[in-house]
Each structure stands twice: as C-alpha cells, then as structure tokens.
>>> print(open('entry22.cif').read())   # mmCIF, C-alpha atoms and all ligand atoms
data_my_file
loop_
_atom_site.label_atom_id
_atom_site.label_comp_id
_atom_site.auth_asym_id
_atom_site.auth_seq_id
_atom_site.Cartn_x
_atom_site.Cartn_y
_atom_site.Cartn_z
CA MET A 1 19.41 15.87 52.89
CA SER A 2 19.16 13.00 55.34
CA GLU A 3 15.68 11.72 56.26
CA ALA A 4 14.34 12.00 59.77
CA VAL A 5 15.05 9.17 62.15
CA THR A 6 12.79 8.58 65.14
CA ARG A 7 14.47 7.30 68.29
CA ILE A 8 12.35 5.51 70.88
CA GLN A 9 13.96 4.74 74.25
CA VAL A 10 13.54 1.47 76.09
CA ALA A 11 14.57 1.70 79.73
CA GLY A 12 16.95 -0.81 81.27
CA THR A 13 15.28 -2.81 84.03
CA ALA A 14 16.16 -5.94 85.99
CA GLY A 15 19.87 -5.18 85.59
CA THR A 16 19.73 -4.71 81.81
CA GLU A 17 21.02 -1.76 79.79
CA PRO A 18 18.68 0.80 78.18
CA TYR A 19 18.59 0.85 74.39
CA GLU A 20 17.04 2.69 71.47
CA VAL A 21 14.68 1.62 68.70
CA LEU A 22 15.43 3.63 65.55
CA VAL A 23 12.77 4.02 62.86
CA GLY A 24 13.64 5.52 59.48
CA ARG A 25 15.46 4.70 56.28
CA ARG A 26 19.08 3.87 55.46
CA LEU A 27 19.83 3.03 59.06
CA LEU A 28 22.52 0.45 58.48
CA GLY A 29 25.18 3.11 58.97
CA GLU A 30 24.20 2.93 62.65
CA LEU A 31 25.16 -0.74 62.91
CA ALA A 32 28.92 -0.40 63.44
CA GLY A 33 28.37 2.06 66.30
CA LEU A 34 26.00 -0.38 68.00
CA ILE A 35 28.41 -3.28 67.50
CA GLY A 36 31.04 -1.24 69.31
CA THR A 37 34.78 -1.35 69.39
CA ARG A 38 35.26 -4.45 71.54
CA ALA A 39 33.88 -6.90 68.98
CA LYS A 40 36.22 -8.76 66.65
CA ARG A 41 33.60 -11.10 65.15
CA VAL A 42 30.01 -10.48 64.03
CA ALA A 43 27.50 -13.18 63.07
CA VAL A 44 24.64 -12.05 60.83
CA ILE A 45 21.72 -14.45 61.33
CA HIS A 46 19.21 -14.15 58.49
CA PRO A 47 16.42 -16.21 56.86
CA GLU A 48 16.69 -17.83 53.41
CA ALA A 49 14.37 -15.15 51.98
CA LEU A 50 16.95 -12.48 52.89
CA ALA A 51 20.06 -14.32 51.67
CA GLU A 52 21.21 -11.34 49.59
CA THR A 53 20.63 -8.86 52.42
CA GLY A 54 22.45 -11.13 54.87
CA ASP A 55 25.42 -11.50 52.59
CA ALA A 56 25.56 -7.81 51.73
CA LEU A 57 25.58 -6.99 55.43
CA ARG A 58 28.32 -9.55 56.05
CA ALA A 59 30.43 -8.08 53.23
CA ASP A 60 29.91 -4.55 54.51
CA LEU A 61 30.95 -5.52 58.04
CA ALA A 62 33.99 -7.38 56.67
CA GLU A 63 35.01 -4.20 54.83
CA GLN A 64 34.82 -2.37 58.12
CA GLY A 65 37.35 -4.79 59.57
CA PHE A 66 35.15 -7.29 61.44
CA GLU A 67 35.48 -11.05 60.98
CA ALA A 68 31.92 -11.34 59.73
CA ILE A 69 30.00 -14.54 59.05
CA ALA A 70 26.48 -14.97 57.66
CA VAL A 71 24.39 -17.73 59.27
CA GLN A 72 21.37 -18.65 57.17
CA VAL A 73 18.32 -20.11 58.93
CA PRO A 74 15.02 -21.36 57.44
CA ASN A 75 12.18 -18.93 56.76
CA ALA A 76 9.45 -18.27 59.28
CA GLU A 77 8.62 -20.67 62.16
CA GLU A 78 10.88 -23.41 60.82
CA ALA A 79 13.73 -21.35 62.25
CA LYS A 80 12.35 -21.47 65.79
CA THR A 81 13.57 -24.97 66.68
CA ALA A 82 16.23 -26.44 68.95
CA GLU A 83 17.92 -27.89 65.84
CA VAL A 84 18.28 -24.48 64.22
CA ALA A 85 19.57 -22.96 67.47
CA ALA A 86 22.13 -25.80 67.65
CA TYR A 87 23.14 -25.12 64.03
CA CYS A 88 23.77 -21.46 64.96
CA TRP A 89 25.76 -22.45 68.08
CA LYS A 90 27.91 -24.64 65.86
CA ALA A 91 28.59 -21.77 63.47
CA LEU A 92 29.57 -19.53 66.40
CA GLY A 93 31.79 -22.22 67.90
CA GLN A 94 33.55 -22.83 64.61
CA SER A 95 34.25 -19.13 64.16
CA GLY A 96 35.71 -18.81 67.68
CA PHE A 97 32.95 -16.44 68.85
CA THR A 98 33.79 -14.92 72.26
CA ARG A 99 31.92 -12.89 74.86
CA THR A 100 32.86 -9.58 73.26
CA ASP A 101 31.59 -10.62 69.82
CA VAL A 102 28.16 -9.60 68.51
CA ILE A 103 25.15 -11.23 66.83
CA VAL A 104 22.98 -9.31 64.37
CA GLY A 105 19.50 -10.79 63.74
CA VAL A 106 18.09 -9.60 60.41
CA GLY A 107 14.59 -10.70 59.42
CA GLY A 108 11.04 -11.19 60.63
CA GLY A 109 10.01 -12.02 64.17
CA ALA A 110 10.86 -15.69 63.80
CA THR A 111 14.45 -14.80 62.89
CA THR A 112 14.88 -12.15 65.59
CA ASP A 113 13.38 -14.57 68.17
CA VAL A 114 15.89 -17.31 67.33
CA ALA A 115 18.83 -14.92 66.85
CA GLY A 116 18.08 -13.35 70.23
CA PHE A 117 17.80 -16.79 71.80
CA VAL A 118 21.16 -17.83 70.36
CA ALA A 119 22.62 -14.58 71.74
CA ALA A 120 21.04 -15.26 75.14
CA THR A 121 22.45 -18.76 75.35
CA TRP A 122 25.86 -18.56 73.67
CA LEU A 123 28.47 -18.29 76.45
CA ARG A 124 25.44 -17.49 78.69
CA GLY A 125 24.75 -14.27 76.86
CA VAL A 126 26.40 -12.07 74.24
CA ARG A 127 25.45 -8.69 72.80
CA TRP A 128 22.95 -8.67 69.95
CA ILE A 129 21.32 -6.18 67.63
CA ALA A 130 17.93 -6.61 65.98
CA VAL A 131 17.34 -5.49 62.41
CA PRO A 132 13.64 -6.31 61.93
CA THR A 133 12.40 -6.50 58.34
CA THR A 134 8.66 -7.15 58.82
CA VAL A 135 5.99 -4.90 60.32
CA LEU A 136 5.45 -7.45 63.06
CA ALA A 137 9.11 -7.66 64.01
CA MET A 138 9.48 -3.86 64.01
CA VAL A 139 6.48 -3.16 66.21
CA ASP A 140 6.73 -6.13 68.52
CA ALA A 141 9.14 -9.07 68.19
CA ALA A 142 12.42 -7.15 68.03
CA VAL A 143 11.56 -4.90 70.97
CA GLY A 144 11.47 -6.04 74.58
CA GLY A 145 13.95 -8.87 74.81
CA LYS A 146 11.61 -11.88 74.71
CA THR A 147 13.62 -14.43 72.74
CA GLY A 148 12.82 -18.07 72.15
CA ILE A 149 11.93 -21.15 70.17
CA ASN A 150 8.96 -23.52 69.92
CA THR A 151 8.87 -27.14 71.10
CA ALA A 152 6.60 -30.01 70.08
CA GLU A 153 4.44 -29.15 73.11
CA GLY A 154 3.86 -25.52 72.27
CA LYS A 155 4.79 -22.06 71.12
CA ASN A 156 7.79 -20.19 72.60
CA LEU A 157 8.08 -22.70 75.44
CA VAL A 158 11.86 -22.32 75.65
CA GLY A 159 13.47 -18.91 75.78
CA ALA A 160 15.10 -16.15 77.75
CA PHE A 161 14.65 -12.45 78.44
CA HIS A 162 17.69 -10.96 76.72
CA PRO A 163 17.20 -7.42 75.40
CA PRO A 164 19.06 -6.28 72.29
CA ALA A 165 21.65 -3.50 72.38
CA GLY A 166 19.64 -1.66 69.75
CA VAL A 167 16.89 -2.10 67.16
CA LEU A 168 17.12 -0.70 63.62
CA CYS A 169 13.74 -0.51 61.84
CA ASP A 170 14.57 0.39 58.25
CA LEU A 171 11.20 1.05 56.64
CA ALA A 172 12.64 0.37 53.16
CA ALA A 173 12.78 -3.33 54.08
CA LEU A 174 8.98 -3.46 54.04
CA ASP A 175 8.83 -2.86 50.28
CA SER A 176 9.76 -6.47 49.51
CA LEU A 177 7.42 -8.01 52.08
CA PRO A 178 4.58 -10.12 50.60
CA VAL A 179 1.21 -8.49 51.31
CA ASN A 180 0.04 -11.40 53.51
CA ASP A 181 3.04 -10.94 55.75
CA TYR A 182 2.54 -7.19 55.82
CA VAL A 183 -1.12 -7.61 56.83
CA SER A 184 -0.28 -10.29 59.38
CA GLY A 185 1.91 -7.74 61.17
CA LEU A 186 -1.04 -5.36 61.39
CA ALA A 187 -2.60 -7.72 63.95
CA GLU A 188 0.02 -6.63 66.51
CA VAL A 189 -0.44 -2.99 65.47
CA ILE A 190 -4.20 -3.35 66.06
CA LYS A 191 -3.45 -5.10 69.36
CA ALA A 192 -1.46 -2.04 70.46
CA GLY A 193 -4.47 0.07 69.45
CA PHE A 194 -6.94 -1.89 71.57
CA ILE A 195 -4.77 -2.27 74.66
CA ALA A 196 -3.25 1.20 74.81
CA ASP A 197 -3.44 3.63 71.88
CA PRO A 198 -6.83 3.96 70.13
CA VAL A 199 -5.44 6.58 67.71
CA ILE A 200 -3.93 3.56 65.92
CA LEU A 201 -7.44 2.21 65.35
CA ASP A 202 -8.69 5.60 64.11
CA LEU A 203 -5.83 5.83 61.59
CA ILE A 204 -6.48 2.34 60.24
CA GLU A 205 -10.26 2.74 60.11
CA ALA A 206 -9.92 6.02 58.20
CA ASP A 207 -8.40 4.10 55.26
CA PRO A 208 -7.97 0.36 55.83
CA GLU A 209 -6.82 -0.24 52.25
CA ALA A 210 -3.93 2.24 52.68
CA ALA A 211 -2.99 0.58 55.97
CA ARG A 212 -2.34 -2.67 54.05
CA THR A 213 0.67 -1.28 52.21
CA PRO A 214 4.00 0.30 53.17
CA ALA A 215 3.18 3.13 50.74
CA GLY A 216 0.20 4.17 52.90
CA PRO A 217 0.34 7.70 54.36
CA HIS A 218 0.42 6.56 58.00
CA THR A 219 2.91 3.66 57.83
CA ALA A 220 5.62 5.33 59.89
CA GLU A 221 3.14 6.73 62.41
CA LEU A 222 1.42 3.34 62.90
CA ILE A 223 4.76 1.64 63.40
CA GLU A 224 6.10 4.28 65.76
CA ARG A 225 2.94 4.42 67.86
CA SER A 226 2.95 0.62 68.23
CA ILE A 227 6.63 0.60 69.20
CA ARG A 228 5.95 3.29 71.82
CA VAL A 229 3.24 1.11 73.36
CA LYS A 230 5.58 -1.87 73.52
CA ALA A 231 8.55 0.20 74.73
CA GLU A 232 6.52 1.76 77.52
CA VAL A 233 5.28 -1.63 78.77
CA VAL A 234 8.58 -3.51 78.65
CA SER A 235 10.43 -0.56 80.20
CA SER A 236 8.47 -1.11 83.39
CA ASP A 237 8.16 -4.91 83.38
CA LEU A 238 10.84 -6.69 81.37
CA LYS A 239 10.26 -10.11 82.89
CA GLU A 240 6.46 -10.15 82.71
CA SER A 241 5.82 -10.04 86.43
CA GLY A 242 2.56 -8.21 85.81
CA ARG A 243 1.81 -5.38 83.38
CA ARG A 244 3.69 -6.96 80.46
CA GLU A 245 0.96 -9.63 80.26
CA ILE A 246 -1.25 -7.09 78.47
CA LEU A 247 0.97 -7.57 75.37
CA ASN A 248 -0.40 -11.12 75.27
CA TYR A 249 -3.87 -9.86 74.28
CA GLY A 250 -5.28 -12.37 71.76
CA HIS A 251 -2.33 -14.72 72.21
CA THR A 252 -3.83 -17.40 74.48
CA LEU A 253 -6.06 -18.71 71.71
CA GLY A 254 -3.70 -17.44 68.99
CA HIS A 255 -0.79 -19.61 70.12
CA ALA A 256 -3.15 -22.58 70.51
CA ILE A 257 -4.20 -22.14 66.86
CA GLU A 258 -0.58 -21.83 65.70
CA LYS A 259 0.30 -25.11 67.39
CA ASN A 260 -2.81 -26.78 66.00
CA GLU A 261 -1.76 -25.65 62.52
CA ARG A 262 1.78 -26.97 63.10
CA TYR A 263 3.02 -23.37 62.82
CA LYS A 264 1.93 -23.02 59.19
CA TRP A 265 -0.35 -20.09 60.01
CA ARG A 266 1.32 -16.71 60.41
CA HIS A 267 1.46 -15.54 64.03
CA GLY A 268 -0.46 -12.34 63.24
CA ALA A 269 -3.32 -14.23 61.59
CA ALA A 270 -3.68 -16.49 64.63
CA VAL A 271 -3.52 -13.49 67.00
CA SER A 272 -6.26 -11.83 64.95
CA VAL A 273 -8.63 -14.77 65.59
CA GLY A 274 -7.40 -14.77 69.20
CA MET A 275 -8.29 -11.08 69.65
CA HIS A 276 -11.77 -11.69 68.22
CA PHE A 277 -12.14 -14.48 70.80
CA ALA A 278 -10.80 -12.29 73.64
CA ALA A 279 -13.27 -9.55 72.69
CA GLU A 280 -16.19 -11.99 72.78
CA LEU A 281 -14.91 -13.40 76.07
CA GLY A 282 -14.70 -9.90 77.53
CA ARG A 283 -18.21 -9.15 76.33
CA LEU A 284 -19.68 -12.39 77.71
CA ALA A 285 -17.83 -11.96 81.01
CA GLY A 286 -19.65 -8.64 81.39
CA ARG A 287 -16.46 -6.59 81.07
CA LEU A 288 -16.48 -5.19 77.54
CA ASP A 289 -19.10 -2.95 75.95
CA ASP A 290 -20.73 -4.10 72.71
CA ALA A 291 -19.34 -1.24 70.61
CA THR A 292 -15.70 -2.01 71.46
CA ALA A 293 -16.25 -5.75 71.05
CA ASP A 294 -17.83 -5.20 67.63
CA ARG A 295 -15.00 -2.84 66.67
CA HIS A 296 -12.62 -5.81 66.81
CA ARG A 297 -14.53 -7.54 64.02
CA THR A 298 -14.77 -4.49 61.82
CA VAL A 299 -11.17 -3.28 62.05
CA LEU A 300 -9.58 -6.73 61.74
CA GLU A 301 -11.82 -7.65 58.81
CA ALA A 302 -11.25 -4.27 57.13
CA VAL A 303 -7.53 -4.94 56.71
CA GLY A 304 -8.12 -8.55 55.64
CA LEU A 305 -7.24 -10.40 58.86
CA PRO A 306 -9.14 -13.59 59.77
CA LEU A 307 -11.81 -13.71 62.50
CA HIS A 308 -12.73 -17.38 62.48
CA TYR A 309 -11.29 -20.86 63.00
CA ARG A 310 -12.63 -24.43 62.88
CA TYR A 311 -15.40 -24.99 65.45
CA ASP A 312 -14.66 -28.72 65.79
CA GLN A 313 -11.11 -27.98 67.02
CA TRP A 314 -12.22 -26.45 70.33
CA PRO A 315 -11.23 -29.46 72.54
CA LYS A 316 -7.70 -29.43 71.08
CA LEU A 317 -7.39 -25.67 71.42
CA LEU A 318 -8.49 -25.88 75.06
CA GLU A 319 -5.81 -28.51 75.65
CA ASN A 320 -3.16 -26.38 73.92
CA MET A 321 -4.10 -23.32 75.99
CA LYS A 322 -3.23 -25.13 79.22
CA VAL A 323 0.51 -24.70 78.54
CA ASP A 324 0.14 -20.98 77.90
CA LYS A 325 2.74 -19.11 79.95
CA LYS A 326 0.05 -17.09 81.71
CA SER A 327 -1.52 -20.27 83.18
CA ARG A 328 -0.96 -20.89 86.87
CA GLY A 329 -1.43 -24.51 87.89
CA ASP A 330 -4.74 -25.55 86.35
CA LEU A 331 -5.97 -21.97 86.13
CA LEU A 332 -6.39 -20.54 82.64
CA ARG A 333 -5.79 -16.78 82.46
CA PHE A 334 -6.75 -14.45 79.60
CA ILE A 335 -6.14 -10.80 78.84
CA VAL A 336 -9.47 -9.11 78.20
CA LEU A 337 -10.56 -5.48 78.01
CA ASP A 338 -12.63 -3.67 80.63
CA GLY A 339 -13.10 -1.06 77.92
CA LEU A 340 -11.06 0.51 75.14
CA ALA A 341 -7.39 0.70 76.21
CA ARG A 342 -8.24 -0.85 79.59
CA PRO A 343 -6.63 -4.31 79.53
CA THR A 344 -7.02 -6.60 82.51
CA VAL A 345 -6.69 -10.27 83.48
CA LEU A 346 -9.62 -12.69 83.48
CA GLU A 347 -8.74 -15.69 85.64
CA GLY A 348 -10.36 -19.11 85.46
CA PRO A 349 -13.40 -18.18 83.37
CA ASP A 350 -16.39 -20.52 83.52
CA PRO A 351 -15.88 -23.22 80.83
CA ALA A 352 -19.39 -22.48 79.55
CA VAL A 353 -18.44 -18.84 78.96
CA LEU A 354 -15.27 -19.92 77.15
CA LEU A 355 -17.27 -22.21 74.90
CA ALA A 356 -19.87 -19.53 74.25
CA ALA A 357 -17.12 -17.08 73.25
CA TYR A 358 -15.66 -19.70 70.93
CA GLY A 359 -19.15 -20.14 69.51
CA GLU A 360 -18.74 -16.67 67.96
CA VAL A 361 -15.32 -17.55 66.52
CA GLY A 362 -15.74 -21.16 65.42
CA GLN A 363 -17.15 -22.02 62.01
N1 LIG B 1 9.65 -11.84 70.92
C1 LIG B 1 8.50 -11.20 70.89
O1 LIG B 1 8.20 -10.35 71.74
C2 LIG B 1 7.55 -11.47 69.77
C3 LIG B 1 6.49 -10.61 69.54
C4 LIG B 1 5.63 -10.87 68.49
C5 LIG B 1 5.84 -11.96 67.67
N2 LIG B 1 6.90 -12.76 67.89
C6 LIG B 1 7.19 -13.88 67.00
O2 LIG B 1 7.43 -13.37 65.70
C7 LIG B 1 7.16 -14.39 64.74
C8 LIG B 1 6.37 -13.84 63.58
O3 LIG B 1 7.14 -12.85 62.95
P1 LIG B 1 6.78 -12.32 61.48
O4 LIG B 1 5.34 -12.09 61.35
O5 LIG B 1 7.73 -11.23 61.23
O6 LIG B 1 7.04 -13.57 60.57
P2 LIG B 1 8.36 -14.32 60.04
O7 LIG B 1 9.56 -13.98 60.77
O8 LIG B 1 7.93 -15.74 59.99
O9 LIG B 1 8.50 -13.73 58.56
C9 LIG B 1 7.52 -14.00 57.60
C10 LIG B 1 8.18 -14.38 56.26
O10 LIG B 1 8.70 -13.20 55.64
C11 LIG B 1 10.07 -13.40 55.26
N3 LIG B 1 10.63 -12.05 55.31
C12 LIG B 1 11.04 -11.36 56.40
N4 LIG B 1 11.36 -10.11 56.05
C13 LIG B 1 11.16 -10.00 54.72
C14 LIG B 1 11.30 -8.94 53.79
N5 LIG B 1 11.65 -7.71 54.19
N6 LIG B 1 11.01 -9.18 52.50
C15 LIG B 1 10.59 -10.42 52.09
N7 LIG B 1 10.42 -11.46 52.92
C16 LIG B 1 10.71 -11.25 54.22
C17 LIG B 1 10.56 -14.39 56.27
O11 LIG B 1 11.72 -15.06 55.84
C18 LIG B 1 9.36 -15.32 56.39
O12 LIG B 1 9.33 -16.25 55.34
C19 LIG B 1 6.43 -15.49 65.49
O13 LIG B 1 7.31 -16.55 65.73
C20 LIG B 1 6.04 -14.83 66.79
O14 LIG B 1 5.94 -15.77 67.84
C21 LIG B 1 7.76 -12.54 68.92
O1 LIG B 2 6.33 -9.07 74.38
C1 LIG B 2 5.43 -9.68 74.95
O2 LIG B 2 5.42 -9.84 76.17
C2 LIG B 2 4.31 -10.27 74.18
O3 LIG B 2 3.50 -11.01 74.72
C3 LIG B 2 4.25 -9.91 72.73
C4 LIG B 2 3.60 -10.95 71.85
O4 LIG B 2 3.12 -10.28 70.71
C5 LIG B 2 4.57 -12.02 71.36
O5 LIG B 2 3.94 -12.83 70.41
C6 LIG B 2 5.28 -12.84 72.40
O6 LIG B 2 6.29 -13.61 71.82
C7 LIG B 2 4.37 -13.80 73.12
O7 LIG B 2 5.03 -14.25 74.23
P1 LIG B 2 4.71 -15.58 75.01
O8 LIG B 2 5.40 -15.36 76.31
O9 LIG B 2 3.22 -15.69 75.13
O10 LIG B 2 5.27 -16.69 74.23
ZN ZN B 3 2.55 -11.69 69.23
#
>>> encode(input="entry22.cif", output="structure tokens")
Amino acid sequence: MSEAVTRIQVAGTAGTEPYEVLVGRRLLGELAGLIGTRAKRVAVIHPEALAETGDALRADLAEQGFEAIAVQVPNAEEAKTAEVAAYCWKALGQSGFTRTDVIVGVGGGATTDVAGFVAATWLRGVRWIAVPTTVLAMVDAAVGGKTGINTAEGKNLVGAFHPPAGVLCDLAALDSLPVNDYVSGLAEVIKAGFIADPVILDLIEADPEAARTPAGPHTAELIERSIRVKAEVVSSDLKESGRREILNYGHTLGHAIEKNERYKWRHGAAVSVGMHFAAELGRLAGRLDDATADRHRTVLEAVGLPLHYRYDQWPKLLENMKVDKKSRGDLLRFIVLDGLARPTVLEGPDPAVLLAAYGEVGQ
C-alpha cells in the first residue's frame, strides 16, 4: 500500500506559475512528471555529502532517456559563491543545456539556493525542481523562489526570485542528517510557530526531545505546518513587497552573525540567536508581552538551539546589519512581534534600545 502524500499548493504570482510542495516518502517517482516532456537534458546539482544520491538520481534519469549530468558542489555555505555558480554554468554550457532543459537541486538550503540561482540565471531562466534533504530546506529554503549566493559583503546579497516547478520533500532523506543539522532546521520551524502558527510551538514544547529527531511522532505535522505558513505568505507576496518580510523574523541579527562567523555557523543556529534578540527588542520596544518573549528562550533552548553570541562583537554586527535587505537608506528595519503570531515591522529603533536588547543576548 502506498503511503500518504501531502500536497501543498503555492499560488503563482507576479507572472509565475503555481506549483506544489509534496511531503511524503518515496517521492522520486514524481520527478519525471515534473521535468516534463520538453526536456532533453537534466542537471542534478548536489552537495559532496550527497554524492551517492546525486549519482543514483542521474543514473535513474539516464535510464528514463534523459541526457543526465550530476554537478557536485561543496557542502553547506561554501556552495553559495559566485565561483560555484560559475562552475555550474560551465557544466551546463559544456552539456549544451537549452531553455527547455531542467535543473534538479538536491540537498540542504545552501544547495537549493545555489541550484535555484543557477536556474534563474542560465539563459535568463530555466525550469528547476527542488528536492530538499534537510528540515530547513523542506520547510523554508526550497519553497518560495528566493534563490541566491553570498558575497564578501554579506549574506544572500546576489540572487533572484525564481520559483521552482515543484518541491519534493522526501522525509526518508532526514534519516541521514546529522543531529546538529536537524536541530538547526528547527529554528525555521519555530519561526513559523511564532509568526503564524502557535500549534507548532505547542507540539514542540509537549516533547522537545522527540522534536529533535525525524523519528519523533510529529515530524511530518511540524514540517507540513511550517510549509503551509511559508506557502501562504509567498503565495501573496512573491517579491517581498510587504507581507513576505515576516519570514525574515530573527534574520537581521542572524545574517549578521553568519557573516561575522564567515558562514561557519549554521543558518538556523544564527537565526535562533536572532529570534531571541528580536523577542527582546519587541519587549523593550513595548510591543511584546513578557510571556511570549520568555517563550522564545524556553522553546529554543529546549530543542538545543543557541540563545547567545559574543557581547564584544556588537559594533561589527551593527555594521553588518546595515546591508540587510530590509534596510532602507540608513534606516534599520526589524521584524518584531506585537504578540504571538502578530508579526510587524519596527523601523529605526533607538540605538539605545538595540543595545539593551543585545545586552540580553550578548555574553
Ligand atoms: N531561499 C530561502 O528562502 C531560504 C530560506 C531559509 C534558508 N535558506 C538558506 O538555506 C541555507 C541553510 O540550509 P540548511 O540548514 O539546509 O544547510 P545546508 O544546506 O548547509 O546543509 C547542511 C549540511 O548537511 C548536508 N546535508 C544535506 N542533506 C543531507 C542529508 N539528507 N544527509 C546528510 N547530510 C546532508 C549538506 O551537504 C551540508 O553539509 C542557508 O544558506 C540559508 O541562507 C534559504
Ligand atoms: O523566504 C523568505 O522571504 C525568508 O526571509 C526566509 C528566510 O528564512 C531565508 O533565510 C531567506 O533566505 C532570507 O532572505 P534574505 O532576503 O534576508 O536574504
Ligand atoms: Zn532563514
């Protein structure tokens, strides 16, 4: 008997096509249908850690009659560089990749970000399919069409909005994920809980230890609920003209920490510290009640995510935050909560309030 597959719709906006996010097991049978009949060539972009998966996928597609190539990129953030994008463009060029051919990005968020960016830029945009293999990529990175790479000046500073033609979240992939990477992904799950769906927080708080493993009883529900939050937001605001900014909760400081750590910290860990900061900022700005602010500490800590960062780094973090994409001119802008599941924008907070909020985070 085949297992249930959940299908979550993402609407097409700004002239893009709608697509589905599938969550289940043994989903790779869906890939050929998503690739379609017009493609002759398929490039499977995968990280070193998934070399076997990438090659198996390539072989399977070749058996189905496609000219399939596997393009291996470095693990994690090392893949999100202009050099790696150029390496992928070269592979596509050498294989004669045309506008009807298709890219498949298999891996964590770093891989799907660069694969999507290569798809957005090759011949000014070709079809691509995301096959996320981390919690974080399933619930966030692979959905919504934000693709991109880092530069020396900051995180995700170069990119394009280029939605995938489909997203296949095969939960079996999570079994091989190191626990730190699994837990790091929970930061974006918890983010979805605070900005939109508090049931996520209730499920995690009921048994935080179980939430740390793919074998936990609520894994599929946590992933599906988080995807629904993301799908709902990006369906109404693909290009981040307004509402989509709420998905950046915890990211203003989080990205600043990632850059300060030369991208050696996992994104989710940095976002966890960033959400703690945003909660304290919301509290000090008179927006957020104490109970919800405190809940950030307890739920993040319960699953093993970090709350703190080096106090002496504040001047550098402040500098890094200036290039955040939400900034307008010299105005810093943060997503804070007016209450549980009530995200809003805080513009140009008093520097003394910012420092006081960091006082709770810095150690
Ligand atoms: N585009 C978006 O909307 C969006 C949203 C959230 C995050 N992101 C980006 O996603 C990235 C973080 O993604 P991540 O947390 O998935 O990390 P990651 O992609 O860096 O993956 C973490 C590590 O796990 C390995 N890996 C991946 N799948 C595996 C598996 N199934 N088994 C064993 N190892 C596996 C990877 O090779 C890597 O070494 C950041 O660059 C972040 O900026 C993008
Ligand atoms: O999809 C979005 O929009 C988000 O902000 C989701 C974030 O989790 C993600 O890390 C995103 O890549 C951040 O985008 P950026 O525009 O701040 O680089
Ligand atoms: Zn993120």
>>> residues_near_ligand(input="entry22.cif", ligand="ligand LIG 2 (chain B)", cutoff="8 Å", atoms="only C-alpha atoms and all ligand atoms", output="ChimeraX atom specification")
/A:140-141,143-148,155-157,188,230,234,240,244-249,251-252,255,267,324-326
>>> residues_around(input="entry22.cif", residues="range 72-78 of chain A", least_positions_apart="6", cutoff="7 Å", atoms="only C-alpha atoms", output="list in words")
Ile45, His46, Pro47, Glu48, Ala49, Val84, Ala110 and Tyr263 of chain A
>>> closest_residue(input="entry22.cif", among="A:Ala59, A:Gly250, A:Arg310, A:Ile204", to="Thr298 in chain A", atoms="only C-alpha atoms")
A:Ile204
>>> residues_around(input="entry22.cif", residues="Trp314 in chain A", least_positions_apart="6", cutoff="9 Å", atoms="all atoms listed in the file", output="list in words")
Leu355, Tyr358 and Gly362 of chain A
>>> closest_residue(input="entry22.cif", among="A:Val139, A:Leu346, A:Ile227, A:Val102", to="Leu123 in chain A", atoms="all atoms listed in the file")
A:Val102
>>> atom_distance(input="entry22.cif", atom1="atom C11 of ligand LIG 1 (chain B)", atom2="CA of Ala142 in chain A")
14.4 Å
>>> decode(input="entry22.cif", residues="range 226-242 of chain A", atoms="N, CA and C atoms", output="PDB file, in the first residue's frame")
ATOM      1  N   SER A 226       4.759  24.080   8.888  1.00  0.00           N
ATOM      2  CA  SER A 226       5.715  25.154   8.565  1.00  0.00           C
ATOM      3  C   SER A 226       5.650  25.478   7.075  1.00  0.00           C
ATOM      4  N   ILE A 227       5.543  24.439   6.249  1.00  0.00           N
ATOM      5  CA  ILE A 227       5.447  24.688   4.799  1.00  0.00           C
ATOM      6  C   ILE A 227       4.181  25.483   4.490  1.00  0.00           C
ATOM      7  N   ARG A 228       3.090  25.158   5.181  1.00  0.00           N
ATOM      8  CA  ARG A 228       1.825  25.891   4.914  1.00  0.00           C
ATOM      9  C   ARG A 228       1.979  27.369   5.242  1.00  0.00           C
ATOM     10  N   VAL A 229       2.700  27.652   6.341  1.00  0.00           N
ATOM     11  CA  VAL A 229       2.931  29.067   6.692  1.00  0.00           C
ATOM     12  C   VAL A 229       3.692  29.744   5.552  1.00  0.00           C
ATOM     13  N   LYS A 230       4.769  29.106   5.127  1.00  0.00           N
ATOM     14  CA  LYS A 230       5.598  29.729   4.079  1.00  0.00           C
ATOM     15  C   LYS A 230       4.806  29.848   2.775  1.00  0.00           C
ATOM     16  N   ALA A 231       4.084  28.772   2.421  1.00  0.00           N
ATOM     17  CA  ALA A 231       3.340  28.776   1.149  1.00  0.00           C
ATOM     18  C   ALA A 231       2.288  29.877   1.137  1.00  0.00           C
ATOM     19  N   GLU A 232       1.628  30.047   2.281  1.00  0.00           N
ATOM     20  CA  GLU A 232       0.575  31.081   2.344  1.00  0.00           C
ATOM     21  C   GLU A 232       1.194  32.471   2.131  1.00  0.00           C
ATOM     22  N   VAL A 233       2.336  32.713   2.767  1.00  0.00           N
ATOM     23  CA  VAL A 233       2.948  34.052   2.678  1.00  0.00           C
ATOM     24  C   VAL A 233       3.459  34.326   1.264  1.00  0.00           C
ATOM     25  N   VAL A 234       4.215  33.372   0.703  1.00  0.00           N
ATOM     26  CA  VAL A 234       4.815  33.653  -0.610  1.00  0.00           C
ATOM     27  C   VAL A 234       3.767  33.640  -1.733  1.00  0.00           C
ATOM     28  N   SER A 235       2.641  32.980  -1.471  1.00  0.00           N
ATOM     29  CA  SER A 235       1.575  32.978  -2.483  1.00  0.00           C
ATOM     30  C   SER A 235       0.986  34.367  -2.667  1.00  0.00           C
ATOM     31  N   SER A 236       1.096  35.197  -1.629  1.00  0.00           N
ATOM     32  CA  SER A 236       0.502  36.535  -1.753  1.00  0.00           C
ATOM     33  C   SER A 236       1.557  37.610  -2.003  1.00  0.00           C
ATOM     34  N   ASP A 237       2.838  37.289  -1.781  1.00  0.00           N
ATOM     35  CA  ASP A 237       3.863  38.336  -1.922  1.00  0.00           C
ATOM     36  C   ASP A 237       5.197  37.708  -2.319  1.00  0.00           C
ATOM     37  N   LEU A 238       5.258  37.216  -3.556  1.00  0.00           N
ATOM     38  CA  LEU A 238       6.485  36.541  -4.003  1.00  0.00           C
ATOM     39  C   LEU A 238       7.713  37.438  -3.852  1.00  0.00           C
ATOM     40  N   LYS A 239       7.600  38.680  -4.276  1.00  0.00           N
ATOM     41  CA  LYS A 239       8.791  39.524  -4.375  1.00  0.00           C
ATOM     42  C   LYS A 239       9.068  40.393  -3.146  1.00  0.00           C
ATOM     43  N   GLU A 240       8.459  40.032  -2.024  1.00  0.00           N
ATOM     44  CA  GLU A 240       8.732  40.707  -0.753  1.00  0.00           C
ATOM     45  C   GLU A 240       8.447  42.207  -0.816  1.00  0.00           C
ATOM     46  N   SER A 241       7.277  42.536  -1.334  1.00  0.00           N
ATOM     47  CA  SER A 241       6.894  43.954  -1.350  1.00  0.00           C
ATOM     48  C   SER A 241       6.347  44.373   0.000  1.00  0.00           C
ATOM     49  N   GLY A 242       5.993  43.413   0.831  1.00  0.00           N
ATOM     50  CA  GLY A 242       5.417  43.741   2.135  1.00  0.00           C
ATOM     51  C   GLY A 242       5.375  42.527   3.038  1.00  0.00           C
TER      52      GLY A 242
END
